[in-house]
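Data from final.txt: compact mmCIF, C-alpha atoms
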```txt
# COMPACT_ATOMS: atom_id res chain seq x y z
CA MET A 21 -6.25 -40.59 -29.69
CA LYS A 22 -3.74 -37.86 -28.86
CA LYS A 23 -5.99 -35.31 -30.55
CA ILE A 24 -8.97 -36.35 -28.42
CA LEU A 25 -6.91 -36.08 -25.22
CA ASN A 26 -5.79 -32.56 -26.21
CA ILE A 27 -9.41 -31.53 -26.84
CA ILE A 28 -10.51 -32.93 -23.47
CA LEU A 29 -7.61 -31.23 -21.70
CA PHE A 30 -8.33 -27.91 -23.43
CA THR A 31 -12.05 -28.15 -22.56
CA PHE A 32 -11.25 -28.98 -18.94
CA LEU A 33 -8.85 -26.01 -18.64
CA PHE A 34 -11.39 -23.71 -20.30
CA ILE A 35 -14.14 -24.74 -17.86
CA LEU A 36 -11.79 -24.48 -14.89
CA LEU A 37 -10.61 -21.03 -15.90
CA PHE A 38 -14.09 -19.54 -16.28
CA SER A 39 -15.69 -21.31 -13.35
CA CYS A 40 -13.13 -19.86 -10.91
CA SER A 41 -13.76 -16.23 -11.80
CA THR A 42 -16.16 -14.75 -9.26
CA LYS A 43 -17.34 -11.28 -8.45
CA SER A 44 -17.85 -10.17 -4.88
CA ASN A 45 -20.67 -8.00 -3.65
CA ASN A 46 -19.29 -5.90 -0.80
CA LYS A 47 -21.61 -4.46 1.81
CA GLY A 48 -21.01 -2.77 5.15
CA ASN A 49 -17.63 -3.51 6.66
CA GLU A 50 -16.54 -6.14 4.15
CA LYS A 51 -13.10 -5.99 2.55
CA MET A 52 -12.68 -4.59 -0.94
CA SER A 53 -9.90 -5.34 -3.40
CA LYS A 54 -7.54 -2.62 -4.59
CA ASN A 55 -9.44 -2.44 -7.87
CA GLU A 56 -12.71 -1.73 -6.07
CA LYS A 57 -11.45 1.32 -4.17
CA PRO A 58 -14.22 3.91 -4.28
CA LYS A 59 -13.41 7.11 -6.07
CA ILE A 60 -13.63 10.18 -3.88
CA ASP A 61 -15.78 12.92 -5.33
CA LYS A 62 -13.85 15.98 -4.19
CA ASN A 63 -16.82 18.17 -5.07
CA ILE A 64 -19.27 16.33 -2.81
CA GLN A 65 -21.14 18.61 -0.39
CA CYS A 66 -19.26 17.97 2.85
CA ASN A 67 -17.74 19.83 5.76
CA SER A 68 -14.98 22.30 4.93
CA LEU A 69 -11.50 20.85 5.42
CA THR A 70 -8.17 22.51 6.04
CA GLU A 71 -5.32 21.89 3.61
CA ASN A 72 -3.83 19.24 5.95
CA GLU A 73 -7.20 17.52 6.41
CA GLU A 74 -7.71 17.43 2.63
CA TYR A 75 -4.24 15.91 2.20
CA ILE A 76 -5.08 13.14 4.66
CA MET A 77 -8.67 12.44 3.66
CA LEU A 78 -8.53 12.98 -0.10
CA GLU A 79 -4.94 12.05 -0.91
CA ALA A 80 -4.51 9.21 1.66
CA GLY A 81 -1.88 11.13 3.59
CA THR A 82 -0.70 10.50 7.13
CA GLU A 83 -0.26 13.01 9.91
CA LYS A 84 2.94 13.00 11.95
CA PRO A 85 2.78 10.60 14.92
CA PHE A 86 2.05 11.99 18.39
CA THR A 87 0.72 15.29 16.96
CA GLY A 88 -3.03 14.63 16.74
CA GLU A 89 -5.32 16.45 19.16
CA LEU A 90 -7.48 13.34 19.69
CA LEU A 91 -4.59 11.00 20.48
CA TYR A 92 -4.89 11.38 24.25
CA ASN A 93 -8.63 12.13 24.39
CA LYS A 94 -10.29 10.03 27.11
CA GLU A 95 -13.75 11.64 27.10
CA GLU A 96 -16.81 9.52 26.39
CA GLY A 97 -18.58 10.14 23.12
CA LEU A 98 -18.48 9.51 19.38
CA TYR A 99 -15.71 9.77 16.82
CA LEU A 100 -17.11 11.08 13.53
CA CYS A 101 -15.74 11.39 10.01
CA LYS A 102 -14.43 14.94 9.72
CA ARG A 103 -15.64 15.17 6.12
CA CYS A 104 -19.25 13.90 6.40
CA ASN A 105 -20.04 13.36 10.13
CA ASN A 106 -20.55 9.60 9.70
CA VAL A 107 -20.27 7.89 13.11
CA LEU A 108 -17.14 5.71 12.93
CA PHE A 109 -16.09 4.72 16.46
CA LEU A 110 -17.44 4.78 20.00
CA SER A 111 -15.15 6.07 22.74
CA ASP A 112 -15.24 2.76 24.64
CA THR A 113 -13.43 1.11 21.69
CA LYS A 114 -10.47 3.52 21.88
CA PHE A 115 -7.22 2.39 23.50
CA ASP A 116 -3.63 3.57 23.82
CA SER A 117 -1.49 1.53 21.43
CA LYS A 118 1.47 3.90 21.89
CA SER A 119 1.68 4.08 18.09
CA GLY A 120 1.24 7.85 17.89
CA TRP A 121 -2.24 7.79 16.37
CA PRO A 122 -5.68 7.24 17.90
CA SER A 123 -6.36 3.51 18.03
CA PHE A 124 -9.66 1.65 18.20
CA ASP A 125 -10.44 -2.06 18.44
CA GLU A 126 -13.83 -1.93 16.71
CA ALA A 127 -15.68 0.27 14.21
CA VAL A 128 -19.40 1.00 14.16
CA ASP A 129 -21.08 -1.57 11.89
CA GLY A 130 -21.29 -0.42 8.28
CA SER A 131 -19.21 2.72 8.86
CA ILE A 132 -15.94 1.58 7.25
CA LYS A 133 -14.84 0.31 3.84
CA TYR A 134 -11.69 -1.80 3.68
CA VAL A 135 -9.21 -1.71 0.80
CA LYS A 136 -6.13 -3.90 0.52
CA ASP A 137 -3.11 -1.59 0.42
CA GLY A 138 -0.08 -3.80 -0.20
CA SER A 139 0.57 -5.64 3.06
CA ARG A 140 -1.80 -3.32 4.96
CA THR A 141 -5.53 -2.67 4.84
CA GLU A 142 -6.66 0.91 4.31
CA VAL A 143 -9.83 2.08 6.06
CA LEU A 144 -12.16 4.57 4.38
CA CYS A 145 -15.35 6.23 5.52
CA ALA A 146 -18.17 4.16 4.01
CA LYS A 147 -20.30 7.27 3.49
CA CYS A 148 -17.92 9.72 1.76
CA GLY A 149 -14.88 7.55 0.89
CA GLY A 150 -12.45 9.72 2.87
CA HIS A 151 -9.18 8.10 3.96
CA LEU A 152 -9.05 7.46 7.71
CA GLY A 153 -5.97 5.30 8.23
CA HIS A 154 -5.31 1.55 8.36
CA VAL A 155 -6.42 -1.51 10.30
CA PHE A 156 -4.03 -4.15 11.60
CA TYR A 157 -4.80 -7.64 12.87
CA GLY A 158 -2.91 -10.06 15.10
CA GLU A 159 -0.70 -7.58 16.95
CA GLY A 160 -1.90 -8.61 20.42
CA PHE A 161 -2.73 -5.10 21.65
CA ASN A 162 -6.18 -6.14 22.85
CA SER A 163 -8.54 -9.10 23.19
CA LYS A 164 -10.08 -8.41 19.76
CA ASN A 165 -6.60 -8.53 18.19
CA THR A 166 -7.57 -5.56 16.00
CA ARG A 167 -6.13 -2.06 15.82
CA TYR A 168 -7.66 0.69 13.72
CA CYS A 169 -4.86 3.25 13.42
CA VAL A 170 -6.64 6.50 12.51
CA ASN A 171 -5.43 10.01 11.73
CA SER A 172 -6.75 12.56 14.25
CA LEU A 173 -7.18 15.01 11.38
CA SER A 174 -9.76 12.71 9.78
CA LEU A 175 -11.93 12.69 12.93
CA ASN A 176 -14.26 14.97 14.85
CA PHE A 177 -15.18 14.12 18.43
CA GLU A 178 -18.64 14.62 19.85
CA PRO A 179 -18.69 14.25 23.64
CA ASN A 180 -21.64 12.67 25.42
CA LYS A 181 -24.23 15.21 26.45
CA ASN A 182 -24.54 13.47 29.82
CA ASP A 183 -21.88 11.24 31.37
CA ASN A 184 -24.51 8.58 32.09
CA GLU A 185 -25.85 8.23 28.54
CA LYS A 186 -24.26 7.14 25.30
CA PRO A 187 -25.13 9.29 22.28
CA THR A 188 -27.28 7.13 20.04
CA GLU A 189 -29.27 9.48 17.85
CA GLN A 190 -26.58 9.53 15.15
CA LEU A 191 -26.14 5.76 15.15
CA SER A 192 -29.60 5.26 13.67
CA GLU A 193 -28.86 7.26 10.49
```
Full structure transcribed into structure tokens:
Amino acid sequence: MKKILNIILFTFLFILLFSCSTKSNNKGNEKMSKNEKPKIDKNIQCNSLTENEEYIMLEAGTEKPFTGELLYNKEEGLYLCKRCNNVLFLSDTKFDSKSGWPSFDEAVDGSIKYVKDGSRTEVLCAKCGGHLGHVFYGEGFNSKNTRYCVNSLSLNFEPNKNDNEKPTEQLSE
């Protein structure tokens, strides 16, 4: 009887163990685990980067706070990935978090990949895999309760051509 109970228990544990292993299929702005972090092809045909930009985008570095040229930018337009020109953020999602880095409360759909980075979540360009910064939730800075903290050196800014129109041609890519 004891032998039968052990077999049943072993079978149950075996089924439980293998039925709980699942694989996720990440698309768009979904979160990725640390093991799924995309590898950056440093030889990919992209825009030329300075040494500091390469450090930030390819080595997941961080620029010094309050030094980025886009920190205080209030113009209307698009924020693009410095490495591949992927549209990442619209200017109307930018806000002053007083953190020392440009902050946004929303990314353009499908433009960002998320990777768990210890207690934080790293944000990467979905097109080229370049490091942008981190995203934080629940801080209370805005109604969306989301803060993308992004290095200025990972961004290019494209101002609106006309103050009355939002640039949309790049959003359809």
Given all atoms listed in the file as the counted atoms, nearest of A:Gly158, A:Gly88, A:Gly153, A:Gly120 to Asp137 in chain A: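 With all atoms listed in the file as the atom set, the closest residue is A:Gly153.
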Straight-line distance linking CA of Asn162 in chain A with CA of Glu142 in chain A, stated in Å to one decimal: 19.8 Å
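Of the residues listed (A:Thr70, A:Thr166, A:Thr141, A:Ser174), A:Thr166 shows the shortest atom-to-atom separation from Ser123 in chain A; distances use only C-alpha atoms.
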Between CA of Asn176 in chain A and CA of Leu100 in chain A, distance in Å (one decimal):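 Separating CA of Asn176 in chain A from CA of Leu100 in chain A is a distance of 5.0 Å.
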Surrounding residues of Asn171 in chain A excluding itself and chain neighbours under 2 positions, 12 Å, only C-alpha atoms, as an MDAnalysis selection string: chainID A and resid 72:77 80:91 99:102 119:124 142:144 150:155 168:169 173:176
Contacts of Phe161 in chain A at 10 Å (all atoms listed in the file; same-chain gap of 6+ positions) as a PyMOL selection string: chain A and resi 115-118+125+167
Proximity to Glu178 in chain A - best of A:Glu95, A:Asp112, A:Glu159, A:Glu126, all atoms listed in the file: A:Glu95
For CA of Leu69 in chain A and CA of Tyr92 in chain A, the interatomic separation in Å (one decimal):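 If I compute the distance from CA of Leu69 in chain A to CA of Tyr92 in chain A, I get 22.1 Å.
Nearest to Lys181 in chain A of all the residues A:Leu108, A:Ala127, A:Leu98, A:Cys148 is A:Leu98, based on only C-alpha atoms.
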Using only C-alpha atoms: which of A:Glu79, A:Lys164, A:Phe177, A:Asn182 has the shortest distance to Ser111 in chain A: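 Closest to Ser111 in chain A of all the choices is A:Phe177.
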Option closest in space to Ile132 in chain A, from A:Thr113, A:Ser163, A:Val107, A:Glu71 [counting all atoms listed in the file]: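 Smallest distance to Ile132 in chain A is found for A:Val107.
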